[in-house]
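Below is one structure, written out as structure tokens, with a few remarks after it.
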Amino acid sequence: MAAKVVRAFLNCAIRVIRGHGGQIRSFDGDRVMAIYIGERARTRAAISALKIKWAVDNCARPVLEDRFPQLAEGRFTLSHGTGIASGSAFLARAGVRDNNDLISIGRAPNVAAKLSDIKRPPFRTFVTEDVYGRMADDGKFSDGKEMWSEELRDVGGEQIKVYRSSWGWVVN
């Protein structure tokens, strides 16, 4: 059952990421790392995160709870966190022959991973101040309402301003 839950989450995430021009770079258990390059990269990443939140809540979770009644009984709730940071990263294949993987080194992937680990319901999406500041308005507002609120967080021993959201964006 655990493998099916992880697969359902990753399926939702991958479809949304690719649908917004994101490129999958690696997997780490139930975590997927994607990069967005080019025009509106930060906005596309943020909208993807909000769509993943909606897809998990409204697609994956109900299907899984129907298929696996113990999920509906409250012993486990499919939940996730998404962290977005921008900057440069060094990507390399590391390991030994026939046992290697793609790794990311740098502040951006490190901060994004730490932000994705935050478990503060109802907030599941976190972006750095730099990402938020460079997002277009359609990634910040819905019908004139701000989708993000700011807070200071300790991230890897560094105090940074982040923006968090509990919003979901309907997947078409």
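Scheme for the structure tokens: letters A, B, ... for chains in order shown; per-chain residue numbers from 1; ligand numbers from 1 in order shown.
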
Against range 23-42 of chain A, which residues of range 68-120 of chain A fall within 12 Å? For each one I want the closest pair of atoms and the distance in Å (one decimal), counting only C-alpha atoms, rows by chain and increasing residue number, as CSV.
residue,atom,partner,partner_atom,distance
A:Leu78,CA,A:Asp30,CA,11.4
A:Ser79,CA,A:Asp30,CA,11.1
A:His80,CA,A:Arg31,CA,9.1
A:Gly81,CA,A:Arg31,CA,9.3
A:Thr82,CA,A:Arg31,CA,9.2
A:Gly83,CA,A:Met33,CA,9.8
A:Ile84,CA,A:Arg42,CA,8.3
A:Ala85,CA,A:Arg42,CA,8.6
A:Ser86,CA,A:Arg42,CA,7.6
A:Gly87,CA,A:Ile35,CA,10.4
A:Ser88,CA,A:Ile35,CA,10.5
A:Ala89,CA,A:Ile35,CA,10.1
A:Phe90,CA,A:Arg25,CA,11.7
A:Leu91,CA,A:Arg25,CA,8.7
A:Ala92,CA,A:Arg25,CA,10.4
A:Arg93,CA,A:Ser26,CA,10.5
A:Asn100,CA,A:Ser26,CA,11.7
A:Asp101,CA,A:Ser26,CA,8.0
A:Leu102,CA,A:Ser26,CA,6.2
A:Ile103,CA,A:Ser26,CA,7.5
A:Ser104,CA,A:Ser26,CA,8.6
A:Ala108,CA,A:Ile35,CA,10.5
A:Pro109,CA,A:Met33,CA,8.2
A:Asn110,CA,A:Met33,CA,10.9
A:Ala112,CA,A:Met33,CA,9.0
A:Ala113,CA,A:Met33,CA,8.5
A:Lys114,CA,A:Arg31,CA,11.5
A:Ser116,CA,A:Arg31,CA,8.8
A:Asp117,CA,A:Arg31,CA,9.8

From a DSSP pass on the backbone, collect the residues of range 30-171 of chain A flagged as strand (DSSP E) and hand them back as number ranges by chain.
A: 31-35, 82-84, 90-96, 99-105, 125-128, 141-142, 145-146, 149-155, 158-165

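Between CA of Phe123 in chain A and CA of Gly74 in chain A there is a distance of 19.7 Å.
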
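Taking CA of Val155 in chain A and CA of Leu115 in chain A as endpoints, the distance between them is 7.5 Å.
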
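Among the candidates A:Asp137, A:Glu151, A:Asp57, A:Glu73, the residue lying nearest to Val171 in chain A is A:Asp57 (atoms considered: only C-alpha atoms).
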
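The smallest atom-to-atom distance between Gly133 in chain A and any of A:Val111, A:Ala60, A:Ala46, A:Glu158, using only C-alpha atoms, is found for A:Ala46.
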
By how many Å are CA of Ile118 in chain A and CA of Arg164 in chain A apart?
10.3 Å

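Nearest residue to Phe126 in chain A, choosing from A:Ala45, A:Val170, A:Val56, A:Ile17 and counting only C-alpha atoms: A:Ala45.
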
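If you measure from each of A:Val131, A:Leu152, A:Val96, A:Cys59 to Phe9 in chain A using only C-alpha atoms, the closest one turns out to be A:Cys59.
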
Using only C-alpha atoms, which residues sit within 12 Å of Lys4 in chain A once same-chain residues fewer than 3 positions away are excluded, as a PyMOL selection string?
chain A and resi 1+7-11+30+60-61+63-65+67-68+78
